[in-house]
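*Asks:* To be precise about what I am sending: the file is called data-v4.txt and holds compact mmCIF, C-alpha atoms and all ligand atoms.
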# COMPACT_ATOMS: atom_id res chain seq x y z
CA MET A 24 6.75 -51.13 -0.21
CA ALA A 25 8.42 -51.54 -3.58
CA ILE A 26 11.90 -50.19 -3.88
CA ASP A 27 10.78 -48.04 -6.84
CA SER A 28 8.18 -46.25 -4.76
CA PHE A 29 10.74 -45.72 -2.02
CA ASP A 30 13.19 -44.25 -4.53
CA SER A 31 10.61 -41.86 -5.89
CA ALA A 32 9.68 -40.82 -2.34
CA VAL A 33 13.33 -39.93 -1.77
CA ASP A 34 13.49 -37.99 -5.05
CA GLY A 35 10.29 -36.15 -4.18
CA LEU A 36 11.59 -35.20 -0.75
CA LEU A 37 14.87 -33.86 -2.12
CA ALA A 38 13.08 -31.85 -4.81
CA ASP A 39 10.76 -30.42 -2.13
CA ALA A 40 13.70 -29.48 0.04
CA GLN A 41 15.49 -27.75 -2.84
CA ALA A 42 12.36 -25.78 -3.63
CA SER A 43 11.69 -24.81 -0.03
CA LEU A 44 15.23 -23.62 0.41
CA GLN A 45 14.48 -20.81 -2.05
CA SER A 46 11.93 -19.30 0.26
CA VAL A 47 14.09 -19.42 3.41
CA ASP A 48 14.98 -15.78 4.12
CA SER A 49 14.40 -15.25 7.81
CA LEU A 50 14.70 -16.96 11.16
CA GLU A 51 11.03 -17.86 10.97
CA THR A 52 11.20 -19.51 7.54
CA LEU A 53 14.44 -21.23 8.49
CA GLU A 54 12.78 -22.72 11.53
CA ALA A 55 9.81 -23.81 9.40
CA PHE A 56 12.22 -25.51 6.98
CA ARG A 57 13.95 -27.31 9.83
CA ILE A 58 10.69 -28.57 11.26
CA GLN A 59 9.28 -29.58 7.88
CA PHE A 60 12.26 -31.74 6.95
CA THR A 61 14.05 -32.79 10.10
CA GLY A 62 11.33 -32.44 12.72
CA ALA A 63 11.49 -35.36 15.14
CA LYS A 64 7.76 -36.03 15.07
CA ASN A 65 6.38 -35.39 11.63
CA GLY A 66 9.41 -34.27 9.67
CA ALA A 67 9.75 -35.52 6.09
CA LEU A 68 12.87 -37.52 6.98
CA LYS A 69 11.01 -39.19 9.77
CA SER A 70 8.25 -40.24 7.39
CA LEU A 71 10.85 -41.52 4.94
CA GLN A 72 12.38 -43.57 7.73
CA LYS A 73 9.00 -45.16 8.33
CA LEU A 74 8.73 -46.06 4.65
CA LEU A 75 12.18 -47.60 4.88
CA GLY A 76 10.84 -50.02 7.44
CA ALA A 77 8.32 -51.27 4.87
CA VAL A 78 10.87 -51.97 2.12
CA PRO A 79 11.36 -55.72 1.45
CA PRO A 80 14.45 -57.11 3.21
CA GLU A 81 16.41 -57.79 0.03
CA HIS A 82 16.25 -54.11 -0.92
CA LYS A 83 16.91 -52.81 2.58
CA PRO A 84 20.67 -52.27 2.21
CA ALA A 85 20.28 -50.18 -0.96
CA ALA A 86 17.30 -48.32 0.43
CA GLY A 87 19.11 -47.63 3.72
CA LYS A 88 22.02 -46.18 1.78
CA ARG A 89 19.72 -43.88 -0.18
CA PHE A 90 18.02 -42.83 3.02
CA ASN A 91 21.34 -41.89 4.61
CA GLN A 92 22.36 -39.92 1.53
CA ALA A 93 19.04 -38.09 1.57
CA ARG A 94 19.50 -37.24 5.25
CA GLU A 95 22.97 -35.87 4.61
CA THR A 96 21.71 -33.81 1.71
CA ILE A 97 18.94 -32.34 3.85
CA GLU A 98 21.43 -31.52 6.61
CA GLN A 99 23.64 -29.86 4.02
CA LEU A 100 20.71 -27.82 2.77
CA LEU A 101 19.87 -26.83 6.34
CA THR A 102 23.43 -25.61 6.89
CA GLU A 103 23.25 -23.58 3.70
CA ALA A 104 19.93 -22.10 4.70
CA THR A 105 21.34 -21.15 8.14
CA GLU A 106 24.29 -19.44 6.53
CA LYS A 107 22.04 -17.57 4.18
CA VAL A 108 19.95 -16.23 7.07
CA SER A 109 23.04 -15.47 9.16
CA LYS A 110 24.30 -13.24 6.40
CA VAL A 111 21.10 -11.26 6.54
CA SER A 112 21.58 -10.90 10.30
CA SER A 113 24.96 -9.24 9.74
CA GLY A 114 27.04 -12.34 10.08
CA LYS A 115 26.06 -13.11 13.64
CA PRO A 116 25.26 -16.74 14.41
CA ILE A 117 21.62 -17.33 15.01
CA SER A 118 21.11 -18.12 18.64
CA SER A 119 17.48 -17.29 19.12
CA THR A 120 14.44 -16.52 17.12
CA GLY A 121 14.13 -12.78 17.20
CA PRO A 122 13.76 -9.95 14.75
CA LEU A 123 16.51 -9.89 12.18
CA VAL A 124 19.12 -7.17 12.27
CA ASP A 125 19.12 -5.17 9.07
CA PRO A 126 22.64 -3.78 8.70
CA THR A 127 21.52 -1.39 5.97
CA LEU A 128 19.44 0.69 8.39
CA PRO A 129 21.09 3.89 9.70
CA GLY A 130 22.81 3.34 13.07
CA LEU A 131 21.64 4.67 16.43
CA ARG A 132 24.14 5.62 19.11
CA PRO A 133 23.54 3.31 22.09
CA ARG A 134 22.23 5.10 25.20
CA ILE A 135 24.65 4.03 27.85
CA GLY A 136 24.20 6.89 30.28
CA VAL A 137 26.04 10.16 30.74
CA LEU A 138 28.35 11.56 33.37
CA HIS A 139 26.66 13.66 36.05
CA PRO A 140 27.23 17.38 35.34
CA ILE A 141 29.13 17.71 38.62
CA THR A 142 31.41 14.81 37.68
CA GLN A 143 32.01 16.42 34.31
CA THR A 144 32.82 19.71 36.05
CA LEU A 145 35.23 18.08 38.51
CA GLU A 146 37.09 16.43 35.64
CA HIS A 147 37.22 19.68 33.70
CA LEU A 148 38.54 21.64 36.71
CA LYS A 149 41.24 19.07 37.36
CA GLU A 150 42.31 19.27 33.75
CA ILE A 151 42.56 23.07 33.73
CA MET A 152 44.38 23.28 37.06
CA GLY A 153 46.64 20.43 35.98
CA ARG A 154 47.76 22.55 33.07
CA LEU A 155 48.56 25.34 35.54
CA GLY A 156 50.83 22.94 37.42
CA PHE A 157 48.56 21.97 40.32
CA ASN A 158 48.62 18.34 41.48
CA VAL A 159 45.34 16.72 42.49
CA THR A 160 45.10 15.54 46.09
CA GLU A 161 42.26 14.07 48.10
CA GLY A 162 41.30 14.20 51.74
CA PRO A 163 38.75 12.41 53.92
CA GLU A 164 35.15 13.62 54.20
CA ILE A 165 34.97 12.64 57.86
CA GLU A 166 37.35 14.93 59.67
CA ASP A 167 38.57 15.73 63.14
CA GLU A 168 38.44 19.19 64.64
CA TRP A 169 42.18 19.62 64.28
CA HIS A 170 42.06 19.58 60.49
CA ASN A 171 38.66 21.22 60.10
CA PHE A 172 39.20 24.01 62.64
CA VAL A 173 42.12 24.11 65.05
CA ALA A 174 45.04 24.03 62.63
CA LEU A 175 43.12 26.42 60.41
CA ASN A 176 43.29 29.01 63.16
CA ILE A 177 39.59 28.74 63.97
CA PRO A 178 39.37 29.07 67.75
CA GLU A 179 37.05 27.11 70.00
CA ASP A 180 34.58 29.98 70.43
CA HIS A 181 34.37 30.78 66.71
CA PRO A 182 30.80 30.65 65.35
CA ALA A 183 31.94 28.35 62.52
CA ARG A 184 32.39 25.61 65.12
CA ASP A 185 28.83 25.84 66.40
CA PRO A 186 27.38 22.33 66.54
CA LEU A 187 24.26 23.68 64.85
CA ASP A 188 26.30 24.77 61.85
CA ASN A 189 28.10 21.47 61.40
CA PHE A 190 27.36 17.80 61.02
CA TYR A 191 29.10 16.36 64.07
CA LEU A 192 29.12 12.59 64.34
CA ALA A 193 28.26 10.75 67.56
CA THR A 194 30.89 11.53 70.20
CA ALA A 195 33.70 9.68 68.63
CA LYS A 196 35.77 9.25 71.77
CA THR A 197 33.46 6.52 73.00
CA ILE A 198 33.21 4.59 69.76
CA LEU A 199 36.68 4.89 68.27
CA PRO A 200 39.33 2.33 69.08
CA LYS A 201 41.94 3.79 71.41
CA SER A 202 44.78 3.61 68.92
CA SER A 203 43.05 5.76 66.30
CA THR A 204 42.16 8.37 68.94
CA GLU A 205 45.80 8.55 69.83
CA THR A 206 46.93 8.98 66.24
CA GLN A 207 44.48 11.82 65.76
CA SER A 208 45.73 13.59 68.87
CA SER A 209 49.29 13.73 67.62
CA GLY A 210 50.10 17.11 66.21
CA ASN A 211 47.37 18.75 68.22
CA SER A 212 48.84 21.61 70.13
CA SER A 213 45.61 22.97 71.56
CA GLY A 214 44.74 20.05 73.81
CA GLY A 215 41.03 20.27 72.87
CA ASP A 216 38.67 17.36 72.26
CA ILE A 217 40.31 16.37 69.03
CA ALA A 218 38.58 13.01 68.88
CA ALA A 219 35.27 14.64 67.94
CA ARG A 220 34.48 13.90 64.32
CA LEU A 221 32.41 15.79 61.82
CA LEU A 222 31.61 15.79 58.13
CA ARG A 223 34.07 18.37 56.85
CA SER A 224 32.50 21.78 56.31
CA GLN A 225 35.20 22.94 53.89
CA THR A 226 37.98 21.45 51.77
CA SER A 227 40.48 23.72 53.53
CA THR A 228 41.08 20.67 55.75
CA VAL A 229 43.16 19.30 52.90
CA GLN A 230 45.51 22.31 53.11
CA ILE A 231 46.48 21.12 56.58
CA ARG A 232 46.79 17.46 55.59
CA VAL A 233 48.97 18.32 52.61
CA MET A 234 51.23 20.73 54.49
CA GLU A 235 51.65 18.15 57.27
CA SER A 236 52.85 15.52 54.86
CA THR A 237 54.33 17.07 51.71
CA PRO A 238 57.79 18.55 51.25
CA LEU A 239 57.82 22.19 50.13
CA PRO A 240 57.38 23.85 47.73
CA LEU A 241 53.95 22.53 46.79
CA ARG A 242 51.11 23.36 44.49
CA ILE A 243 47.91 21.32 44.83
CA ILE A 244 44.19 21.37 44.30
CA SER A 245 41.68 19.19 46.08
CA LEU A 246 38.11 18.67 44.93
CA GLY A 247 35.42 17.04 46.95
CA ARG A 248 32.25 17.10 48.99
CA VAL A 249 31.63 19.33 51.96
CA TYR A 250 28.65 19.35 54.32
CA ARG A 251 26.73 22.10 56.07
CA PRO A 252 23.29 21.88 57.65
CA ASP A 253 21.70 24.48 55.36
CA ALA A 254 18.04 24.23 54.41
CA PRO A 255 17.91 23.37 50.70
CA ASP A 256 16.77 26.11 48.33
CA ALA A 257 17.73 27.16 44.82
CA THR A 258 21.29 28.07 45.88
CA HIS A 259 21.87 25.96 49.02
CA PHE A 260 22.18 22.26 49.59
CA PRO A 261 23.49 20.46 52.70
CA MET A 262 26.13 18.76 50.59
CA PHE A 263 28.11 20.49 47.88
CA HIS A 264 31.57 20.46 46.33
CA GLN A 265 34.53 22.77 46.65
CA MET A 266 37.76 23.12 44.80
CA GLU A 267 40.56 24.03 47.18
CA GLY A 268 43.83 25.36 45.85
CA LEU A 269 47.09 25.76 47.75
CA TRP A 270 50.45 27.11 46.61
CA VAL A 271 53.33 27.30 49.06
CA ASP A 272 56.77 28.51 47.99
CA LYS A 273 59.42 31.04 48.96
CA ASN A 274 57.90 34.19 47.49
CA VAL A 275 54.28 33.59 46.65
CA THR A 276 52.30 36.80 46.18
CA MET A 277 48.72 37.98 46.01
CA ALA A 278 49.34 38.98 42.39
CA GLN A 279 50.06 35.33 41.59
CA LEU A 280 46.84 34.33 43.32
CA LYS A 281 44.91 36.71 41.13
CA SER A 282 46.68 35.56 37.98
CA VAL A 283 45.96 31.91 38.73
CA LEU A 284 42.28 32.57 39.42
CA ARG A 285 42.00 34.69 36.32
CA LEU A 286 43.70 32.10 34.09
CA PHE A 287 41.47 29.47 35.58
CA ALA A 288 38.30 31.48 34.97
CA THR A 289 39.30 32.31 31.42
CA SER A 290 39.86 28.64 30.64
CA TYR A 291 36.72 27.46 32.35
CA LEU A 292 34.13 30.10 31.54
CA GLY A 293 35.53 31.42 28.27
CA GLY A 294 37.54 34.42 27.18
CA ASP A 295 35.47 37.28 28.48
CA VAL A 296 35.95 36.95 32.24
CA ASN A 297 37.25 39.37 34.85
CA VAL A 298 38.24 38.63 38.43
CA ARG A 299 37.45 40.91 41.34
CA PHE A 300 38.78 40.63 44.90
CA ARG A 301 36.66 42.04 47.71
CA PRO A 302 38.20 42.36 51.18
CA SER A 303 36.93 39.66 53.49
CA PHE A 304 37.90 37.59 56.49
CA PHE A 305 38.86 33.95 56.95
CA PRO A 306 40.76 32.84 60.07
CA PHE A 307 43.27 30.88 57.95
CA THR A 308 44.20 33.59 55.45
CA GLU A 309 45.53 37.12 55.88
CA PRO A 310 44.68 39.16 53.93
CA SER A 311 41.48 37.43 52.87
CA VAL A 312 39.28 38.12 49.87
CA GLU A 313 36.01 37.10 48.28
CA VAL A 314 36.48 36.10 44.65
CA ASP A 315 33.96 37.36 42.09
CA TYR A 316 33.94 36.67 38.37
CA TRP A 317 32.46 39.07 35.84
CA TRP A 318 30.74 36.88 33.34
CA ASN A 319 27.84 37.39 30.95
CA GLY A 320 27.26 40.91 32.22
CA GLN A 321 27.26 40.35 35.97
CA TRP A 322 29.52 39.79 38.96
CA ILE A 323 29.14 36.34 40.44
CA GLU A 324 30.62 35.21 43.73
CA PHE A 325 32.60 32.01 43.42
CA GLY A 326 34.43 31.62 46.72
CA GLY A 327 37.11 32.83 49.08
CA ALA A 328 40.87 33.14 48.97
CA GLY A 329 43.84 34.77 50.61
CA MET A 330 47.45 34.52 51.75
CA ILE A 331 48.13 31.72 54.24
CA ASP A 332 47.97 33.05 57.80
CA PRO A 333 51.29 32.65 59.68
CA ASN A 334 49.40 30.85 62.48
CA VAL A 335 48.43 28.12 60.02
CA PHE A 336 52.03 27.67 58.92
CA THR A 337 53.12 27.46 62.53
CA ALA A 338 50.44 24.87 63.34
CA VAL A 339 51.84 22.52 60.72
CA GLY A 340 55.49 23.23 61.53
CA ILE A 341 56.33 25.47 58.58
CA ASP A 342 58.40 28.58 59.23
CA PRO A 343 56.28 31.59 58.16
CA GLU A 344 59.42 33.71 57.92
CA GLN A 345 60.74 31.53 55.12
CA TRP A 346 57.65 30.38 53.32
CA SER A 347 54.60 32.08 51.92
CA GLY A 348 51.55 30.84 50.14
CA PHE A 349 48.02 31.39 49.00
CA ALA A 350 44.86 29.33 49.18
CA PHE A 351 41.48 29.54 47.54
CA GLY A 352 38.21 27.66 47.83
CA LEU A 353 35.66 27.83 45.01
CA GLY A 354 32.13 26.43 44.87
CA VAL A 355 31.99 23.69 42.24
CA GLU A 356 28.19 23.71 41.95
CA ARG A 357 28.22 27.40 41.10
CA LEU A 358 30.81 26.86 38.41
CA CYS A 359 28.87 23.93 37.04
CA MET A 360 25.50 25.69 37.13
CA ARG A 361 26.83 28.79 35.41
CA ARG A 362 28.34 26.81 32.62
CA PHE A 363 25.39 24.49 32.01
CA GLY A 364 22.73 27.12 32.64
CA ILE A 365 21.27 25.29 35.64
CA THR A 366 19.36 27.62 37.96
CA ASP A 367 18.41 25.41 40.91
CA ILE A 368 21.10 23.46 42.78
CA ARG A 369 18.48 20.92 43.93
CA ASP A 370 18.03 19.78 40.33
CA LEU A 371 21.57 18.39 40.48
CA TYR A 372 20.68 16.05 43.32
CA ARG A 373 17.17 14.91 42.50
CA SER A 374 18.58 12.01 40.48
CA ASP A 375 16.06 12.62 37.73
CA VAL A 376 17.67 11.11 34.66
CA ARG A 377 15.41 13.11 32.36
CA PHE A 378 17.08 16.24 33.73
CA LEU A 379 20.60 14.84 33.98
CA ARG A 380 20.64 13.34 30.48
CA GLN A 381 20.46 16.80 28.97
CA PHE A 382 24.06 17.35 29.96
CA ALA A 383 25.57 14.56 27.90
CA SER A 384 29.19 15.44 27.27
N1 LIG B 1 37.17 27.47 53.14
C1 LIG B 1 36.53 28.73 52.77
C2 LIG B 1 35.03 28.50 52.70
O1 LIG B 1 34.59 27.38 52.68
C3 LIG B 1 37.04 29.23 51.44
C4 LIG B 1 38.50 29.58 51.47
C5 LIG B 1 39.44 28.67 51.08
C6 LIG B 1 38.90 30.84 51.84
C7 LIG B 1 40.78 28.99 51.08
C8 LIG B 1 40.23 31.19 51.86
C9 LIG B 1 41.17 30.26 51.48
O2 LIG B 1 34.26 29.43 52.63
Is it possible to give me this structure as structure tokens?
*Replies:*
Amino acid sequence: MAIDSFDSAVDGLLADAQASLQSVDSLETLEAFRIQFTGAKNGALKSLQKLLGAVPPEHKPAAGKRFNQARETIEQLLTEATEKVSKVSSGKPISSTGPLVDPTLPGLRPRIGVLHPITQTLEHLKEIMGRLGFNVTEGPEIEDEWHNFVALNIPEDHPARDPLDNFYLATAKTILPKSSTETQSSGNSSGGDIAARLLRSQTSTVQIRVMESTPLPLRIISLGRVYRPDAPDATHFPMFHQMEGLWVDKNVTMAQLKSVLRLFATSYLGGDVNVRFRPSFFPFTEPSVEVDYWWNGQWIEFGGAGMIDPNVFTAVGIDPEQWSGFAFGLGVERLCMRRFGITDIRDLYRSDVRFLRQFAS
């Protein structure tokens, strides 16, 4: 091949490349450009290289030089084209062939999931009670009878201890290592089968754990799961959450209990809330009350409360002559359902994201 023809082939290729560059505006056209000019099989550069082979030897050095320049120019054009397309895809490097991102379109908030309404409620309750000076504490969900019953002044023959009303675990004495059985027995003054384990039926267990281990005075809340073998219906579920509160100090009164519960309800449910105490009975409080809130035109029962029974203080080694206190236990699901307008507790635990997503915070 004559050197002139080779030169004009190079010129033609460069002119083509310049022209094609104008129409590169997407990943697809960029890829087409790359294949057309630098493709390993039939790319224009490849064809030019073949022509180079046919140039007479005396012109080879000059022709080779032109070929190399042409290749560099094409590579330069390819870089420019890539940059041009990258700009369209909001500055991100092109890593794959996919639809381009158009940064001028209005944005969509990514759907990354929402907190479960109960989780939201727990956080909210902690925040409100934190402002009232209550520290958050946690206790285990698997409990022994000492913390779930005995220290709470619930005697052996009390109906609350009926195996049919509790989730007892397999007789723990046989499966627990000896050392842990011993630890659990310490502090037990009743001498009963303290090694038996159950899923706690109330968060009042944490009252005992806290009083056993915390210097007085103290003011805590504890939120968590409790378990009772109830048949599920719109208002019952075998697992639910409680918020336990405990305040122990020198002169704690029932009036303070009512104030705290009222302040809490006002913060949580809104301004227009009243609190009502109805006489009741719990083995670990005396006097004991049921707590109702007047909200949206009706009285709703939220839990129990009362002044710590002297027997409970004695069980944990606190002198009831010197110290006084109150405790309350509220149902978290009820609080959550009221606030979010949920009418069936089972909806909370069906794990249906279509339902749960409605409660995005
Ligand atoms: N533990 C009681 C229950 O589950 C509620 C309660 C807590 C009552 C604290 C009095 C004091 O029903």
*Asks:* Considering all atoms listed in the file, state which residue in the set A:Pro343, A:Gly153, A:Gly136, A:Pro302 is at the smallest distance from ligand LIG 1 (chain B).
*Replies:*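 Smallest separation from ligand LIG 1 (chain B) among the options: A:Pro302.
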*Asks:* Set up a box along x, y and z of the file covering all listed atoms of ligand LIG 1 (chain B), add 5 Å on every one of the six sides, and write the centre and edge lengths in Å to one decimal, as AutoDock Vina command-line options.
*Replies:*
--center_x 37.7 --center_y 29.3 --center_z 52.1 --size_x 16.9 --size_y 13.8 --size_z 12.1
*Asks:* Would you mind listing, for every residue of chain A within 10 Å of ligand LIG 1 (chain B), the two atoms forming the shortest contact and the distance between them in Å to one decimal, using all atoms listed in the file, sorted by chain and ascending residue number, as JSON lines?
*Replies:*
{"residue": "A:Asn171", "atom": "CA", "partner": "B:LIG1", "partner_atom": "N1", "distance": 9.5}
{"residue": "A:Leu175", "atom": "CA", "partner": "B:LIG1", "partner_atom": "N1", "distance": 9.5}
{"residue": "A:Arg223", "atom": "CA", "partner": "B:LIG1", "partner_atom": "O1", "distance": 9.9}
{"residue": "A:Ser224", "atom": "CA", "partner": "B:LIG1", "partner_atom": "O1", "distance": 7.0}
{"residue": "A:Gln225", "atom": "CA", "partner": "B:LIG1", "partner_atom": "O1", "distance": 4.6}
{"residue": "A:Thr226", "atom": "CA", "partner": "B:LIG1", "partner_atom": "N1", "distance": 6.2}
{"residue": "A:Ser227", "atom": "CA", "partner": "B:LIG1", "partner_atom": "N1", "distance": 5.0}
{"residue": "A:Thr228", "atom": "CA", "partner": "B:LIG1", "partner_atom": "N1", "distance": 8.3}
{"residue": "A:Gln230", "atom": "CA", "partner": "B:LIG1", "partner_atom": "C7", "distance": 8.4}
{"residue": "A:Val249", "atom": "CA", "partner": "B:LIG1", "partner_atom": "O1", "distance": 8.6}
{"residue": "A:His264", "atom": "CA", "partner": "B:LIG1", "partner_atom": "O1", "distance": 9.9}
{"residue": "A:Gln265", "atom": "CA", "partner": "B:LIG1", "partner_atom": "O1", "distance": 7.6}
{"residue": "A:Met266", "atom": "CA", "partner": "B:LIG1", "partner_atom": "C5", "distance": 8.5}
{"residue": "A:Glu267", "atom": "CA", "partner": "B:LIG1", "partner_atom": "C5", "distance": 6.2}
{"residue": "A:Gly268", "atom": "CA", "partner": "B:LIG1", "partner_atom": "C7", "distance": 7.1}
{"residue": "A:Leu269", "atom": "CA", "partner": "B:LIG1", "partner_atom": "C7", "distance": 7.8}
{"residue": "A:Ser303", "atom": "CA", "partner": "B:LIG1", "partner_atom": "C6", "distance": 9.2}
{"residue": "A:Phe304", "atom": "CA", "partner": "B:LIG1", "partner_atom": "C8", "distance": 8.2}
{"residue": "A:Phe305", "atom": "CA", "partner": "B:LIG1", "partner_atom": "C8", "distance": 6.0}
{"residue": "A:Pro306", "atom": "CA", "partner": "B:LIG1", "partner_atom": "C8", "distance": 8.4}
{"residue": "A:Phe307", "atom": "CA", "partner": "B:LIG1", "partner_atom": "C8", "distance": 6.8}
{"residue": "A:Thr308", "atom": "CA", "partner": "B:LIG1", "partner_atom": "C8", "distance": 5.9}
{"residue": "A:Glu309", "atom": "CA", "partner": "B:LIG1", "partner_atom": "C8", "distance": 8.9}
{"residue": "A:Pro310", "atom": "CA", "partner": "B:LIG1", "partner_atom": "C8", "distance": 9.4}
{"residue": "A:Ser311", "atom": "CA", "partner": "B:LIG1", "partner_atom": "C8", "distance": 6.4}
{"residue": "A:Val312", "atom": "CA", "partner": "B:LIG1", "partner_atom": "C8", "distance": 7.3}
{"residue": "A:Glu313", "atom": "CA", "partner": "B:LIG1", "partner_atom": "C6", "distance": 7.8}
{"residue": "A:Val314", "atom": "CA", "partner": "B:LIG1", "partner_atom": "C6", "distance": 9.2}
{"residue": "A:Phe325", "atom": "CA", "partner": "B:LIG1", "partner_atom": "C3", "distance": 9.6}
{"residue": "A:Gly326", "atom": "CA", "partner": "B:LIG1", "partner_atom": "C3", "distance": 5.9}
{"residue": "A:Gly327", "atom": "CA", "partner": "B:LIG1", "partner_atom": "C6", "distance": 3.8}
{"residue": "A:Ala328", "atom": "CA", "partner": "B:LIG1", "partner_atom": "C8", "distance": 3.5}
{"residue": "A:Gly329", "atom": "CA", "partner": "B:LIG1", "partner_atom": "C8", "distance": 5.2}
{"residue": "A:Met330", "atom": "CA", "partner": "B:LIG1", "partner_atom": "C9", "distance": 7.6}
{"residue": "A:Ile331", "atom": "CA", "partner": "B:LIG1", "partner_atom": "C9", "distance": 7.6}
{"residue": "A:Asp332", "atom": "CA", "partner": "B:LIG1", "partner_atom": "C9", "distance": 9.7}
{"residue": "A:Phe349", "atom": "CA", "partner": "B:LIG1", "partner_atom": "C9", "distance": 7.4}
{"residue": "A:Ala350", "atom": "CA", "partner": "B:LIG1", "partner_atom": "C9", "distance": 4.4}
{"residue": "A:Phe351", "atom": "CA", "partner": "B:LIG1", "partner_atom": "C7", "distance": 3.7}
{"residue": "A:Gly352", "atom": "CA", "partner": "B:LIG1", "partner_atom": "C5", "distance": 3.6}
{"residue": "A:Leu353", "atom": "CA", "partner": "B:LIG1", "partner_atom": "C3", "distance": 6.7}
{"residue": "A:Gly354", "atom": "CA", "partner": "B:LIG1", "partner_atom": "O1", "distance": 8.2}
*Asks:* So how many Å separate atom CA of Ala32 of chain A and atom CA of Lys69 of chain A, to one decimal?
*Replies:* 12.3 Å
*Asks:* Counting all atoms listed in the file, what is within 10 Å of Ser46 of chain A, bar same-chain residues fewer than 5 positions away, as a PyMOL selection string?
*Replies:* chain A and resi 41+52-53+56+104
*Asks:* Just to confirm, what's the straight-line distance from atom CA of Glu168 of chain A to atom CA of Pro261 of chain A in Å (one decimal)?
*Replies:*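 That distance, rounded to one decimal, is 19.2 Å.
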*Asks:* Select, from A:Leu192, A:Ile26, A:Glu95, A:Ser347, the residue with the minimum atom-to-atom distance to Thr276 of chain A, counting all atoms listed in the file.
*Replies:*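 Looking at the shortest contact to Thr276 of chain A, the residue is A:Ser347.
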*Asks:* Measuring between all atoms listed in the file, which one of A:Leu101, A:Cys359, A:Ile244, A:Leu75 shows the shortest distance to Ala55 of chain A?
*Replies:*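 When distances to Ala55 of chain A are compared using all atoms listed in the file, the smallest one comes from A:Leu101.
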*Asks:* Go through A:Arg299, A:Lys107, A:His139, A:Arg242 one by one, measure the shortest atom-to-atom distance of each to Thr160 of chain A using all atoms listed in the file, and give the residue with the smallest value.
*Replies:* A:Arg242
*Asks:* Find, counting all atoms listed in the file, the residue in A:Arg94, A:Ala25, A:Val47, A:Trp317 that gets nearest to Pro80 of chain A.
*Replies:*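 Among the listed residues, A:Ala25 lies closest to Pro80 of chain A.
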*Asks:* Name the closest residue to Leu280 of chain A among the candidates A:Ala63, A:Leu100, A:Phe300, A:Gly293; distances are taken between atoms, counting all atoms listed in the file.
*Replies:* A:Phe300
*Asks:* Could you tell me how far atom CA of Thr142 of chain A sits from atom CA of Arg377 of chain A, in Å to one decimal place?
*Replies:* 16.9 Å
*Asks:* Between segment 261-357 of chain A and segment 234-238 of chain A, at 9 Å or less, what are the per-residue closest atom pairs and their distances in Å? Count all atoms listed in the file, order by chain and rising residue number, and return it as a Markdown table.
*Replies:*
| residue | atom | partner | partner_atom | distance |
| --- | --- | --- | --- | --- |
| A:Val271 | CA | A:Met234 | CA | 8.8 |
| A:Phe336 | CA | A:Met234 | CA | 8.3 |
| A:Val339 | CA | A:Glu235 | CA | 5.6 |
| A:Gly340 | CA | A:Glu235 | CA | 7.7 |
| A:Ile341 | CA | A:Met234 | CA | 8.1 |
*Asks:* Contacts of Ile58 of chain A at 12 Å or less, counting all atoms listed in the file, minus same-chain residues fewer than 6 places along, as a list in words?
*Replies:*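 In the requested format, the answer is Ala40, Ser43, Glu51, Thr52, Lys64, Asn65, Gly66, Ala67, Leu68, Lys69, Ile97 and Leu101 of chain A.
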